[in-house]
Structure formats: C-alpha cells, structure tokens
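A.B. asks: What follows is the file entry.csv, containing CSV, C-alpha atoms:
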```csv
chain,number,residue,atom,x,y,z
G,1,ASN,CA,0.0,0.0,0.0
G,2,ALA,CA,1.7,3.2,-1.2
G,3,GLY,CA,2.0,6.0,1.3
G,4,VAL,CA,0.9,9.6,0.9
G,5,MET,CA,2.5,10.8,-2.4
G,6,GLN,CA,3.3,14.4,-2.9
G,7,ASN,CA,4.7,16.0,-6.0
G,8,PRO,CA,6.8,17.6,-7.0
G,9,ARG,CA,9.3,17.2,-4.2
G,10,HIS,CA,11.0,20.4,-5.1
G,11,LEU,CA,9.4,23.4,-6.9
G,12,VAL,CA,11.0,26.6,-7.9
G,13,ARG,CA,8.9,29.5,-9.0
G,14,ARG,CA,9.6,33.2,-9.8
G,15,ARG,CA,7.7,35.8,-8.0
G,16,GLY,CA,4.3,36.3,-9.5
G,17,GLN,CA,3.9,32.8,-10.9
G,18,GLU,CA,1.5,30.1,-9.7
G,19,ALA,CA,2.5,27.1,-7.7
G,20,ARG,CA,0.4,23.9,-7.8
G,21,LEU,CA,1.2,21.2,-5.2
G,22,ARG,CA,-0.3,17.8,-5.5
G,23,CYS,CA,-1.1,15.2,-2.9
G,24,SER,CA,-2.4,11.7,-3.4
G,25,PRO,CA,-3.7,10.3,-0.1
G,26,MET,CA,-3.2,6.7,1.0
G,27,LYS,CA,-5.7,4.3,-0.6
G,28,GLY,CA,-9.0,4.4,1.2
G,29,HIS,CA,-8.3,7.7,3.0
G,30,SER,CA,-10.9,10.4,2.5
G,31,HIS,CA,-9.4,13.1,4.8
G,32,VAL,CA,-6.6,15.3,3.7
G,33,TYR,CA,-4.7,18.0,5.7
G,34,TRP,CA,-2.2,20.5,4.4
G,35,TYR,CA,0.5,22.1,6.6
G,36,ARG,CA,3.2,24.6,6.0
G,37,GLN,CA,6.6,24.5,7.7
G,38,LEU,CA,9.1,27.3,7.6
G,39,PRO,CA,12.8,26.5,8.1
G,40,GLU,CA,13.6,25.6,11.7
G,41,GLU,CA,9.9,26.1,12.7
G,42,GLY,CA,7.0,23.9,13.5
G,43,LEU,CA,4.0,22.9,11.4
G,44,LYS,CA,1.3,25.4,10.7
G,45,PHE,CA,-2.1,24.0,9.9
G,46,MET,CA,-3.6,25.4,6.7
G,47,VAL,CA,-6.6,23.4,5.6
G,48,TYR,CA,-8.6,20.2,6.2
G,49,LEU,CA,-10.6,18.7,3.3
G,50,GLN,CA,-12.7,15.7,2.7
G,51,LYS,CA,-13.7,14.6,-0.8
G,52,GLU,CA,-15.3,17.6,-2.5
G,53,ASN,CA,-15.6,19.5,0.7
G,54,ILE,CA,-13.5,22.0,2.6
G,55,ILE,CA,-14.0,21.2,6.3
G,56,ASP,CA,-11.7,23.7,7.9
G,57,GLU,CA,-9.7,26.4,6.2
G,58,SER,CA,-9.0,28.5,9.2
G,59,GLY,CA,-5.2,28.4,8.6
G,60,MET,CA,-5.3,29.4,5.0
G,61,PRO,CA,-4.3,33.0,4.0
G,62,LYS,CA,-7.4,34.8,2.7
G,63,GLU,CA,-5.8,35.7,-0.6
G,64,ARG,CA,-3.8,33.8,-3.2
G,65,PHE,CA,-4.2,30.4,-1.5
G,66,SER,CA,-6.8,27.8,-2.4
G,67,ALA,CA,-7.2,24.1,-1.9
G,68,GLU,CA,-9.4,21.4,-3.4
G,69,PHE,CA,-9.9,17.6,-3.1
G,70,PRO,CA,-12.0,16.5,-6.0
G,71,LYS,CA,-14.0,13.3,-6.2
G,72,GLU,CA,-11.4,11.9,-8.5
G,73,GLY,CA,-7.7,12.7,-8.5
G,74,PRO,CA,-5.3,14.2,-6.0
G,75,SER,CA,-5.8,17.1,-3.6
G,76,ILE,CA,-4.3,20.3,-5.0
G,77,LEU,CA,-2.9,23.3,-3.0
G,78,ARG,CA,-2.7,26.3,-5.3
G,79,ILE,CA,-0.7,29.4,-4.6
G,80,GLN,CA,-1.3,32.3,-7.0
G,81,GLN,CA,1.2,35.1,-7.6
G,82,VAL,CA,3.8,33.7,-5.3
G,83,VAL,CA,6.0,35.9,-3.1
G,84,ARG,CA,9.3,35.2,-1.4
G,85,GLY,CA,7.5,34.6,1.9
G,86,ASP,CA,5.7,31.6,0.4
G,87,SER,CA,9.0,29.7,0.3
G,88,ALA,CA,8.5,26.8,2.7
G,89,ALA,CA,8.0,23.1,2.9
G,90,TYR,CA,4.3,22.1,2.4
G,91,PHE,CA,3.2,18.8,3.9
G,92,CYS,CA,0.1,16.8,3.1
G,93,ALA,CA,-1.3,14.2,5.5
G,94,SER,CA,-4.2,11.8,5.1
G,95,SER,CA,-6.4,9.7,7.4
G,96,PRO,CA,-9.3,7.4,6.9
G,97,GLN,CA,-12.9,8.1,7.7
G,98,GLY,CA,-14.6,6.5,10.6
G,99,VAL,CA,-11.5,5.3,12.4
G,100,GLN,CA,-11.4,7.5,15.4
G,101,ASP,CA,-8.0,6.6,16.9
G,102,THR,CA,-5.9,6.4,13.8
G,103,GLU,CA,-3.0,8.7,13.1
G,104,ALA,CA,-2.4,11.1,10.2
G,105,PHE,CA,0.0,9.7,7.6
G,106,PHE,CA,2.4,12.3,6.1
G,107,GLY,CA,3.9,12.7,2.7
G,108,GLN,CA,7.5,13.7,2.1
G,109,GLY,CA,6.6,17.3,1.4
G,110,THR,CA,7.0,19.7,-1.4
G,111,ARG,CA,9.7,22.3,-0.9
G,112,LEU,CA,8.8,25.5,-2.6
G,113,THR,CA,11.4,28.1,-3.4
G,114,VAL,CA,10.4,31.5,-4.7
G,115,VAL,CA,13.1,33.4,-6.5
V,1,GLY,CA,-10.3,24.7,22.5
V,2,ASN,CA,-7.6,22.2,21.6
V,3,SER,CA,-3.9,22.9,21.8
V,4,VAL,CA,-0.6,21.3,22.4
V,5,THR,CA,2.4,22.8,24.2
V,6,GLN,CA,5.8,21.2,24.2
V,7,MET,CA,9.2,22.2,25.6
V,8,GLU,CA,11.3,24.4,23.4
V,9,GLY,CA,14.5,23.2,22.0
V,10,PRO,CA,17.0,22.5,21.0
V,11,VAL,CA,17.8,19.8,23.5
V,12,THR,CA,21.4,18.6,23.3
V,13,LEU,CA,22.4,15.3,25.0
V,14,SER,CA,25.3,13.0,25.0
V,15,GLU,CA,24.9,9.5,23.7
V,16,GLU,CA,23.3,7.1,26.2
V,17,ALA,CA,21.8,10.0,28.2
V,18,PHE,CA,18.2,9.9,29.4
V,19,LEU,CA,15.7,11.9,27.3
V,20,THR,CA,12.5,13.6,28.4
V,21,ILE,CA,10.6,15.9,26.1
V,22,ASN,CA,7.6,17.5,27.9
V,23,CYS,CA,4.2,17.8,26.2
V,24,THR,CA,1.0,19.1,27.7
V,25,TYR,CA,-2.4,19.5,26.1
V,26,THR,CA,-5.8,21.1,26.4
V,27,ALA,CA,-8.7,19.4,24.8
V,28,THR,CA,-12.5,19.7,24.9
V,29,GLY,CA,-13.2,15.9,24.6
V,30,TYR,CA,-11.3,12.7,24.8
V,31,PRO,CA,-8.4,13.0,22.3
V,32,SER,CA,-5.9,10.5,21.0
V,33,LEU,CA,-2.3,11.6,21.5
V,34,PHE,CA,0.7,11.0,19.3
V,35,TRP,CA,4.4,11.6,19.0
V,36,TYR,CA,5.9,12.1,15.5
V,37,VAL,CA,9.5,12.3,14.5
V,38,GLN,CA,10.9,14.3,11.6
V,39,TYR,CA,14.4,13.6,10.2
V,40,PRO,CA,16.1,16.3,8.1
V,41,GLY,CA,14.5,16.7,4.7
V,42,GLU,CA,11.7,14.3,5.4
V,43,GLY,CA,8.1,14.2,6.4
V,44,LEU,CA,6.7,13.3,9.8
V,45,GLN,CA,6.6,9.7,10.8
V,46,LEU,CA,4.5,8.3,13.6
V,47,LEU,CA,6.7,7.3,16.6
V,48,LEU,CA,4.0,6.2,19.0
V,49,LYS,CA,0.5,6.8,20.1
V,50,ALA,CA,-2.0,6.4,23.0
V,51,THR,CA,-5.7,6.5,22.5
V,52,LYS,CA,-7.1,6.7,26.1
V,53,ALA,CA,-6.1,7.7,29.6
V,54,ASP,CA,-3.3,5.6,31.2
V,55,ASP,CA,-2.4,4.0,27.9
V,56,LYS,CA,1.4,3.8,27.3
V,57,GLY,CA,2.7,4.1,23.8
V,58,SER,CA,6.1,2.7,23.0
V,59,ASN,CA,8.3,2.2,20.0
V,60,LYS,CA,12.1,1.9,19.3
V,61,GLY,CA,12.9,2.4,23.0
V,62,PHE,CA,10.7,5.6,23.3
V,63,GLU,CA,7.7,5.7,25.7
V,64,ALA,CA,5.0,8.1,26.6
V,65,THR,CA,2.0,7.7,28.9
V,66,TYR,CA,-1.3,9.4,28.5
V,67,ARG,CA,-1.9,11.2,31.8
V,68,LYS,CA,-5.4,12.6,31.9
V,69,GLU,CA,-5.0,14.1,35.4
V,70,THR,CA,-2.0,16.2,34.4
V,71,THR,CA,-3.0,16.5,30.7
V,72,SER,CA,0.4,15.4,29.7
V,73,PHE,CA,2.1,13.0,27.3
V,74,HIS,CA,5.8,13.3,28.0
V,75,LEU,CA,8.2,11.5,25.7
V,76,GLU,CA,11.0,9.5,27.3
V,77,LYS,CA,13.9,7.3,26.3
V,78,GLY,CA,16.4,5.7,28.6
V,79,SER,CA,19.5,5.8,26.4
V,80,VAL,CA,19.6,8.0,23.3
V,81,GLN,CA,21.7,7.4,20.3
V,82,VAL,CA,23.2,9.7,17.7
V,83,SER,CA,20.6,8.4,15.2
V,84,ASP,CA,17.8,9.8,17.4
V,85,SER,CA,18.8,13.3,16.4
V,86,ALA,CA,15.6,14.7,14.8
V,87,VAL,CA,12.7,17.0,15.5
V,88,TYR,CA,9.9,15.6,17.7
V,89,PHE,CA,6.3,16.7,17.5
V,90,CYS,CA,3.6,16.0,20.0
V,91,ALA,CA,0.1,16.0,18.6
V,92,LEU,CA,-3.5,15.4,19.6
V,93,LYS,CA,-6.5,14.3,17.5
V,94,ASP,CA,-9.9,15.7,18.3
V,95,GLY,CA,-12.1,12.7,17.9
V,96,ASN,CA,-15.2,14.7,17.3
V,97,PHE,CA,-13.9,16.6,14.3
V,98,ASN,CA,-11.1,14.4,13.1
V,99,LYS,CA,-8.7,17.3,13.2
V,100,PHE,CA,-5.1,17.1,14.4
V,101,TYR,CA,-3.3,19.7,16.5
V,102,PHE,CA,0.5,19.8,16.6
V,103,GLY,CA,3.0,21.3,19.1
V,104,SER,CA,5.8,23.5,17.8
V,105,GLY,CA,8.4,20.7,17.7
V,106,THR,CA,11.5,20.0,19.8
V,107,LYS,CA,14.8,19.6,18.1
V,108,LEU,CA,17.0,16.9,19.7
V,109,ASN,CA,20.8,16.8,19.1
V,110,VAL,CA,22.6,13.8,20.3
V,111,LYS,CA,26.4,14.1,20.4
V,112,PRO,CA,28.7,11.0,20.3
```
Would you mind writing the file's structure down as structure tokens?
C.D. replies:
Amino acid sequence: NAGVMQNPRHLVRRRGQEARLRCSPMKGHSHVYWYRQLPEEGLKFMVYLQKENIIDESGMPKERFSAEFPKEGPSILRIQQVVRGDSAAYFCASSPQGVQDTEAFFGQGTRLTVV
Amino acid sequence: GNSVTQMEGPVTLSEEAFLTINCTYTATGYPSLFWYVQYPGEGLQLLLKATKADDKGSNKGFEATYRKETTSFHLEKGSVQVSDSAVYFCALKDGNFNKFYFGSGTKLNVKP
C-alpha cells in the first residue's frame, strides 16, 4: 500500500507565478490535511478537506491560496502570484474516515522556493 | 479549545543519556495523543500513540504515557543514540472533528 504521495518534491517559482502542489492520499483515505513548515519552525495548519468539501480552512491565508480535493484525483494546493515569503515546505497528510483513533499519515513534502 | 504545548529546544544530549521531552495539552473531549519524529529533509513519521487515559505508547525504546489528570504525554527514552537526532512533535486528535493539533516541535541533538 503506497504511502501519501506528494509531487513535486521540489518546486522553484519566480515571484508572481503560480504554484500547484499535489497530494495523493493513501488508498482508502478520504481526509486530507495541508501544513506549512518554515525552516527551523513547526507545522502550521492550513486546511482540512474531505472529498469535494473543505471542512476547515482557518489556517489558509485569505488571498492567493486555495485548496481542493475532488471526487477523482489528488488534492491540490494552489498558490497564486507567489511571493518570497511563500518559500517553505508544504506537507500533506491523510487519514481514513470512521477510524477515530488512527493517526495522520504524512507525505515527504514539497519544498517550494520562490526566486 | 484544543492545543498542544511542548518544551522548546534544541535539546542537546550526549549519547546514552536519558531523554525527556515534555508535552501538555488542552482538549475539549477525549483526544488521542501522538508523537511524531521528523528527520532532516523528510516528512513526519509516527513514533508512538496512545488512545485513552493511562495508555502507554512505545516504539524503538521511546515511551509516553497518556496522563489525563495532568493533561500530559511526555516522551522518554532511557538511552539516546546519535541516530535519534531529529525534531519531535507532540500531537492530539480531536475525535469529534477528526482534526489534528501539533506542538511546535522540539529539536534533539545527540552528540557522540
């Protein structure tokens, strides 16, 4: 059973471009979480999604950031008009529905560099 | 609300020393508790977990006990190795909403 797959692992964008980060959850998992991690810092929660629904986006910046988890295909975190401050590691995690005590399973992350 | 507080790092120890990383939490219900480990350049991996009060999670020589009376889940290891150098995150899961809350992470450096 493949783990949580994130791609690309590394992404370089120029200021003003768009960044699209993809996350394929583990098979059978219907919950996806996105986190941002700045160098030498902890995880900052961004958004929690279920299939076709955004459950909690309290950690998402109001502008330029959006996330989706369609019925088919991976979850996408989109950052429009990137700025230097968006440079960070973005981690996706997934968990199954209906299993209360299970943990979140993390991907290897996408390291975004804005130049 | 829900939150996790863990001791600030970095923590620097010599090999074979005893390790304690403190973690306390606040929760509105009956959460599950977790410790994750992150090695440089990688994602988070589950180290251990406990799902109810007085449960002890253990793995690779690490242990943590779910203490409801003190709302704590401290991570311990009797004898650390250089290979244990990493960042450790304490986390809780709100069972009602399936949402995870993470502490700020504690960096552990183990010197030979």
A.B. asks: What does the distance between atom CA of V:Glu15 and atom CA of V:His74 come to in Å, to one decimal place?
C.D. replies: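 Those two atoms sit 19.9 Å apart.
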A.B. asks: What residues in chain V have any atom no more than 6 Å from chain G when counting all atoms listed in the file, and can you write them as a ChimeraX atom specification?
C.D. replies: /V:42-44,95,104-105
A.B. asks: Select, from G:Ala2, G:Val115, G:Val12, G:Met46, the residue with the minimum atom-to-atom distance to G:Lys27, counting all atoms listed in the file.
C.D. replies: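 Looking only at the distances to G:Lys27, the closest residue turns out to be G:Ala2.
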A.B. asks: Quick one, how far is atom CA of V:Thr28 from atom CA of V:Lys77?
C.D. replies: 29.2 Å
A.B. asks: Could you state the separation of atom CA of G:Gly3 and atom CA of G:Leu77 in Å, given to one decimal place?
C.D. replies: 18.5 Å
A.B. asks: Do you know which residues are at most 7 Å from V:Phe89 counting all atoms listed in the file, after dropping those on the same chain fewer than 2 positions away, and could you put them as a list in words?
C.D. replies: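 My list of contacting residues is Trp35, Tyr36, Val37, Val87, Ala91, Phe102, Gly103, Ser104, Gly105 and Thr106 of chain V.
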